[in-house]
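Here is the file final_7.pdb (PDB, C-alpha atoms).
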ATOM      1  CA  MET M 382      -8.694  -6.598 -13.361
ATOM      2  CA  THR M 383      -9.276  -2.864 -13.489
ATOM      3  CA  ARG M 384      -8.881  -0.429 -10.624
ATOM      4  CA  ASP M 385     -12.684  -0.078 -10.378
ATOM      5  CA  GLU M 386     -13.174  -3.856 -10.357
ATOM      6  CA  LEU M 387     -10.636  -4.232  -7.554
ATOM      7  CA  THR M 388     -12.273  -1.428  -5.587
ATOM      8  CA  GLN M 389     -15.615  -3.267  -5.881
ATOM      9  CA  LYS M 390     -14.039  -6.565  -4.758
ATOM     10  CA  ILE M 391     -12.641  -5.003  -1.578
ATOM     11  CA  ALA M 392     -15.570  -2.684  -0.855
ATOM     12  CA  ASN M 393     -16.849  -5.126   1.768
ATOM     13  CA  THR M 394     -15.087  -7.039   4.526
ATOM     14  CA  ILE M 395     -12.614  -9.641   3.293
ATOM     15  CA  GLY M 396     -10.568 -12.227   5.160
ATOM     16  CA  LYS M 397      -6.998 -13.430   4.915
ATOM     17  CA  LEU M 398      -7.816 -16.116   2.312
ATOM     18  CA  LYS M 399      -9.436 -13.541   0.030
ATOM     19  CA  VAL M 400      -6.456 -11.223   0.485
ATOM     20  CA  LEU M 401      -4.079 -14.016  -0.487
ATOM     21  CA  GLU M 402      -6.205 -14.933  -3.513
ATOM     22  CA  LEU M 403      -6.485 -11.329  -4.688
ATOM     23  CA  SER M 404      -2.753 -10.780  -4.124
ATOM     24  CA  ARG M 405      -1.994 -13.777  -6.331
ATOM     25  CA  ILE M 406      -4.402 -12.595  -9.040
ATOM     26  CA  LEU M 407      -3.053  -9.040  -9.004
ATOM     27  CA  THR M 408       0.524 -10.311  -9.251
ATOM     28  CA  GLU M 409      -0.331 -12.680 -12.098
ATOM     29  CA  GLN M 410      -2.177  -9.936 -13.982
ATOM     30  CA  GLN M 411       0.666  -7.475 -13.328
ATOM     31  CA  PHE M 412      -1.811  -5.057 -11.798
ATOM     32  CA  ASP M 413      -0.475  -1.499 -11.775
ATOM     33  CA  LEU M 414       0.797  -1.000  -8.229
ATOM     34  CA  ARG M 415       0.367   2.755  -8.563
ATOM     35  CA  ASP M 416      -3.356   2.106  -8.819
ATOM     36  CA  LEU M 417      -3.266  -0.097  -5.729
ATOM     37  CA  ILE M 418      -1.259   2.538  -3.852
ATOM     38  CA  GLU M 419      -3.853   5.120  -4.870
ATOM     39  CA  ILE M 420      -6.680   2.929  -3.545
ATOM     40  CA  THR M 421      -4.960   2.900  -0.130
ATOM     41  CA  PHE M 422      -5.827   6.612   0.021
ATOM     42  CA  HIS M 423      -9.541   6.001  -0.645
ATOM     43  CA  ALA M 424     -11.944   8.155   1.365
ATOM     44  CA  ASP M 425     -13.564   4.959   2.670
ATOM     45  CA  LYS M 426     -10.952   4.120   5.331
ATOM     46  CA  PRO M 427     -11.804   0.385   5.615
ATOM     47  CA  LEU M 428     -11.492   0.057   1.835
ATOM     48  CA  GLY M 429      -8.138   1.870   1.944
ATOM     49  CA  PHE M 430      -7.038  -0.483   4.719
ATOM     50  CA  ARG M 431      -7.940  -3.533   2.613
ATOM     51  CA  ALA M 432      -5.959  -2.128  -0.317
ATOM     52  CA  ALA M 433      -2.946  -1.588   1.969
ATOM     53  CA  TRP M 434      -3.339  -5.144   3.262
ATOM     54  CA  LEU M 435      -3.193  -6.383  -0.331
ATOM     55  CA  LEU M 436      -0.174  -4.172  -0.984
ATOM     56  CA  GLU M 437       1.682  -5.634   2.002
ATOM     57  CA  ASN M 438       0.823  -9.219   1.062
ATOM     58  CA  MET M 439       1.981  -8.662  -2.504
ATOM     59  CA  PHE M 440       5.261  -7.255  -1.198
ATOM     60  CA  LEU M 441       5.845 -10.109   1.232
ATOM     61  CA  LYS M 442       5.148 -12.711  -1.446
ATOM     62  CA  ASP M 443       7.249 -11.116  -4.205
ATOM     63  CA  PRO M 444       9.187  -7.944  -3.322
ATOM     64  CA  GLU M 445      10.550  -7.751  -6.878
ATOM     65  CA  VAL M 446       7.079  -6.738  -8.098
ATOM     66  CA  PHE M 447       7.607  -3.426  -6.275
ATOM     67  CA  THR M 448      10.893  -2.392  -7.858
ATOM     68  CA  ASN M 449       9.399  -0.033 -10.439
ATOM     69  CA  ASN M 450       6.931   1.525  -7.999
ATOM     70  CA  LEU M 451       9.035   1.744  -4.868
ATOM     71  CA  GLU M 452       9.903   5.377  -5.390
ATOM     72  CA  TYR M 453       6.208   6.230  -5.732
ATOM     73  CA  LEU M 454       5.361   4.291  -2.566
ATOM     74  CA  ILE M 455       8.079   6.176  -0.661
ATOM     75  CA  GLU M 456       6.918   9.480  -2.149
ATOM     76  CA  ARG M 457       3.363   8.882  -0.917
ATOM     77  CA  LEU M 458       4.409   7.733   2.581
ATOM     78  CA  PRO M 459       4.107  11.162   4.264
ATOM     79  CA  GLN M 460       0.495  11.375   3.038
ATOM     80  CA  VAL M 461      -0.597   8.137   4.741
ATOM     81  CA  THR M 462      -2.998   9.192   7.508
ATOM     82  CA  ASN M 463      -5.273   6.130   7.694
ATOM     83  CA  PRO M 464      -4.085   4.268  10.835
ATOM     84  CA  GLY M 465      -4.675   0.867   9.236
ATOM     85  CA  CYS M 466      -2.684   1.861   6.172
ATOM     86  CA  GLN M 467       0.159   3.249   8.291
ATOM     87  CA  ARG M 468       0.649  -0.218   9.764
ATOM     88  CA  HIS M 469       0.998  -1.851   6.352
ATOM     89  CA  TYR M 470       3.254   0.854   4.897
ATOM     90  CA  ALA M 471       5.539   0.726   7.947
ATOM     91  CA  LYS M 472       5.674  -3.068   7.742
ATOM     92  CA  ILE M 473       6.551  -2.931   4.028
ATOM     93  CA  LEU M 474       9.403  -0.520   4.809
ATOM     94  CA  MET M 475      10.580  -2.667   7.694
ATOM     95  CA  HIS M 476      10.904  -5.679   5.392
ATOM     96  CA  ALA M 477      12.276  -3.726   2.419
ATOM     97  CA  THR M 478      15.098  -2.295   4.532
ATOM     98  CA  GLU M 479      16.139  -5.507   6.289
ATOM     99  CA  GLU M 480      19.836  -6.314   6.036
ATOM    100  CA  LYS M 481      19.118  -9.756   4.606
ATOM    101  CA  GLU M 482      17.062  -8.246   1.763
ATOM    102  CA  GLN M 483      19.350  -8.573  -1.271
ATOM    103  CA  SER M 484      16.893  -8.016  -4.078
ATOM    104  CA  SER M 485      16.406  -5.399  -6.719
ATOM    105  CA  VAL M 486      14.177  -3.729  -4.119
ATOM    106  CA  LYS M 487      17.227  -3.102  -1.935
ATOM    107  CA  GLN M 488      19.173  -1.797  -4.939
ATOM    108  CA  LYS M 489      16.298   0.500  -5.840
ATOM    109  CA  LEU M 490      16.047   1.759  -2.247
ATOM    110  CA  ASN M 491      19.734   2.630  -2.383
ATOM    111  CA  SER M 492      19.035   4.963  -5.302
ATOM    112  CA  ILE M 493      16.156   6.784  -3.571
ATOM    113  CA  ASP M 494      16.423   9.642  -1.091
ATOM    114  CA  LEU M 495      14.833   8.063   1.969
ATOM    115  CA  GLU M 496      15.240  11.046   4.320
ATOM    116  CA  PRO M 497      11.543  12.048   3.941
ATOM    117  CA  ALA M 498      10.554   8.457   4.757
ATOM    118  CA  VAL M 499      12.894   8.417   7.761
ATOM    119  CA  GLU M 500      11.350  11.650   9.015
ATOM    120  CA  GLN M 501       7.856  10.213   8.558
ATOM    121  CA  LEU M 502       8.788   7.041  10.425
ATOM    122  CA  PHE M 503      10.094   9.136  13.335
ATOM    123  CA  ASP M 504       6.913  11.230  13.225
ATOM    124  CA  TRP M 505       4.847   8.061  13.569
ATOM    125  CA  MET M 506       6.964   6.956  16.523
ATOM    126  CA  ILE M 507       6.513  10.307  18.241
ATOM    127  CA  ASP M 508       2.795  10.836  17.553
ATOM    128  CA  PRO M 509       0.777   9.604  20.575
ATOM    129  CA  LYS M 510      -2.241   8.938  18.321
ATOM    130  CA  VAL M 511      -0.352   6.435  16.152
ATOM    131  CA  LYS M 512      -1.022   2.788  16.960
ATOM    132  CA  ILE M 513       1.628   0.679  18.697
ATOM    133  CA  ALA M 514       2.115  -1.754  15.787
ATOM    134  CA  VAL M 515       2.937   1.191  13.507
ATOM    135  CA  LYS M 516       5.476   2.479  16.028
ATOM    136  CA  VAL M 517       7.123  -0.952  16.282
ATOM    137  CA  PHE M 518       7.362  -1.444  12.504
ATOM    138  CA  ALA M 519       8.579   2.149  12.082
ATOM    139  CA  GLY M 520      11.207   1.562  14.766
ATOM    140  CA  TRP M 521      12.517  -1.543  13.015
ATOM    141  CA  ALA M 522      12.588   0.217   9.648
ATOM    142  CA  LEU M 523      14.584   3.035  11.244
ATOM    143  CA  PHE M 524      16.883   0.512  12.905
ATOM    144  CA  ASN M 525      17.482  -1.025   9.470
ATOM    145  CA  LEU M 526      18.314   2.399   8.013
ATOM    146  CA  ARG M 527      20.828   3.391  10.718
ATOM    147  CA  HIS M 528      23.840   2.523   8.535
ATOM    148  CA  ARG M 529      22.615   4.639   5.664
ATOM    149  CA  TYR M 530      21.709   7.579   7.892
ATOM    150  CA  PRO M 531      24.055   7.531  10.921
ATOM    151  CA  TRP M 532      22.030  10.231  12.676
ATOM    152  CA  VAL M 533      19.212   7.665  13.016
ATOM    153  CA  ALA M 534      21.452   5.586  15.304
ATOM    154  CA  ASP M 535      21.878   8.699  17.474
ATOM    155  CA  GLU M 536      18.155   9.582  17.631
ATOM    156  CA  LEU M 537      16.523   6.156  17.784
ATOM    157  CA  PRO M 538      17.693   5.104  21.289
ATOM    158  CA  ALA M 539      16.242   8.246  22.864
ATOM    159  CA  GLN M 540      12.912   7.685  21.125
ATOM    160  CA  LEU M 541      12.884   4.029  22.154
ATOM    161  CA  GLU M 542      13.633   4.969  25.757
ATOM    162  CA  PHE M 543      10.744   7.443  25.741
ATOM    163  CA  LEU M 544       8.328   4.905  24.248
ATOM    164  CA  THR M 545       9.300   2.089  26.606
ATOM    165  CA  ARG M 546       9.132   4.227  29.724
ATOM    166  CA  ASN M 547       5.323   4.016  30.014
ATOM    167  CA  GLY M 548       4.509   1.992  26.924
ATOM    168  CA  THR M 549       2.577  -1.184  26.430
ATOM    169  CA  ALA M 550       4.183  -4.592  26.794
ATOM    170  CA  ALA M 551       4.500  -4.808  22.994
ATOM    171  CA  ILE M 552       6.408  -1.546  22.639
ATOM    172  CA  GLN M 553       8.555  -2.338  25.687
ATOM    173  CA  SER M 554       9.516  -5.719  24.279
ATOM    174  CA  ALA M 555      10.321  -4.336  20.821
ATOM    175  CA  GLY M 556      12.095  -1.314  22.289
ATOM    176  CA  LYS M 557      14.325  -3.451  24.507
ATOM    177  CA  LYS M 558      15.185  -5.745  21.602
ATOM    178  CA  MET M 559      16.053  -2.809  19.317
ATOM    179  CA  THR M 560      18.089  -1.112  22.048
ATOM    180  CA  LYS M 561      20.012  -4.335  22.677
ATOM    181  CA  GLU M 562      20.662  -4.702  18.922
ATOM    182  CA  LEU M 563      21.827  -1.076  18.690
ATOM    183  CA  ARG M 564      24.321  -1.695  21.486
ATOM    184  CA  SER M 565      25.575  -5.001  20.068
ATOM    185  CA  LYS M 566      25.744  -3.862  16.429
ATOM    186  CA  PRO M 567      26.982  -0.278  16.513
ATOM    187  CA  LEU M 568      27.838   1.605  13.345
TER     188      LEU M 568
END

What does this structure look like when you write it as structure tokens?
Amino acid sequence: MTRDELTQKIANTIGKLKVLELSRILTEQQFDLRDLIEITFHADKPLGFRAAWLLENMFLKDPEVFTNNLEYLIERLPQVTNPGCQRHYAKILMHATEEKEQSSVKQKLNSIDLEPAVEQLFDWMIDPKVKIAVKVFAGWALFNLRHRYPWVADELPAQLEFLTRNGTAAIQSAGKKMTKELRSKPL
């Protein structure tokens, strides 16, 4: 499948089953993930969202597929302004940085300077216009990176406290869980 063919397939509303089917096809055909990442920046925001949804599903199904393009994904992270895409990018980073992740993805992440990504994740947590799900996924990704960047462990509790003070039930629940984990698993 070409980039243009994929763009046509996701130009209109698609459901979860179609996303799963397309994810499988793209993986089987070894679709160039750089092209998929580029489509997430499409001027048509719903189309970009669908591309990011595919990207996330491909990652969750087979993280190894991302190894060669992980640096590019991280490099593009600060340019993600589509709220729907932010959710998927933050969720990918949350999963990629989990302690239990022992794949080539984790090895590749260890060779990449993630400070710009960490800064972007904090920016998303701070920005009042960013959706709650993005903030939660960003918070967990930051939590996962606290060993690599010890200053994150110093900054994250204050940000969580701020968000939970007047936040929604979802952010309060996630914030309390992260704060508890930070206290029980210090550096």

* To do: With a distance cut-off of 12 Å and only C-alpha atoms, select the neighbouring residues of range 543-556 of chain M, excluding the residue or stretch itself and same-chain residues fewer than 5 positions from it, and output the selection as a VMD selection string.
  => chain M and resid 503 505 to 509 511 to 521 524 536 to 538 561 to 563

Give me a file of those residues, with C-alpha atoms, as a tab-separated table (two decimals), in the coordinates of the input.
chain	number	residue	atom	x	y	z
M	503	PHE	CA	10.09	9.14	13.34
M	505	TRP	CA	4.85	8.06	13.57
M	506	MET	CA	6.96	6.96	16.52
M	507	ILE	CA	6.51	10.31	18.24
M	508	ASP	CA	2.80	10.84	17.55
M	509	PRO	CA	0.78	9.60	20.58
M	511	VAL	CA	-0.35	6.44	16.15
M	512	LYS	CA	-1.02	2.79	16.96
M	513	ILE	CA	1.63	0.68	18.70
M	514	ALA	CA	2.12	-1.75	15.79
M	515	VAL	CA	2.94	1.19	13.51
M	516	LYS	CA	5.48	2.48	16.03
M	517	VAL	CA	7.12	-0.95	16.28
M	518	PHE	CA	7.36	-1.44	12.50
M	519	ALA	CA	8.58	2.15	12.08
M	520	GLY	CA	11.21	1.56	14.77
M	521	TRP	CA	12.52	-1.54	13.02
M	524	PHE	CA	16.88	0.51	12.90
M	536	GLU	CA	18.16	9.58	17.63
M	537	LEU	CA	16.52	6.16	17.78
M	538	PRO	CA	17.69	5.10	21.29
M	561	LYS	CA	20.01	-4.34	22.68
M	562	GLU	CA	20.66	-4.70	18.92
M	563	LEU	CA	21.83	-1.08	18.69

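Using all atoms listed in the file, the smallest distance between any of M:Leu435, M:Ala498, M:Leu441, M:Ile493 and Leu458 in chain M comes from M:Ala498.
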
* To do: Determine the residue membership of the PyMOL selection byres ((chain M and resi 473-479) around 8) for the file above and supply it as a ChimeraX atom specification.
  => /M:437,440-441,444,469-472,480-482,486-487,490,518-519,521-523,525-526

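Distances here use only C-alpha atoms; by that measure, the residue among M:Glu456, M:Asp385, M:Asp535, M:Asp504 closest to Leu417 in chain M is M:Asp385.
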
* Asked: Quick one: which residues end up in the PyMOL selection byres ((chain M and resi 497) around 9) for this structure, as a VMD selection string?
  -> chain M and resid 455 to 456 458 to 459 494 to 496 498 to 502

Contacts of Arg431 in chain M within 8 Å, only C-alpha atoms, excl. fewer than 5 positions in-chain, as an mmCIF file with C-alpha atoms, in the coordinates of the input:
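Once written, part-v3.cif looks like this:
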data_model
loop_
_atom_site.group_PDB
_atom_site.id
_atom_site.type_symbol
_atom_site.label_atom_id
_atom_site.label_comp_id
_atom_site.auth_asym_id
_atom_site.auth_seq_id
_atom_site.Cartn_x
_atom_site.Cartn_y
_atom_site.Cartn_z
ATOM 1 C CA ILE M 391 -12.641 -5.003 -1.578
ATOM 2 C CA ILE M 395 -12.614 -9.641 3.293
ATOM 3 C CA THR M 421 -4.960 2.900 -0.130
#

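Across the structure, CA of Ala534 in chain M and CA of Glu452 in chain M are spaced 23.7 Å apart.
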
* May I ask which of the residues M:Lys442, M:Leu403, M:Met559, M:Gln467 is the closest one to Met382 in chain M, counting all atoms listed in the file? => M:Leu403
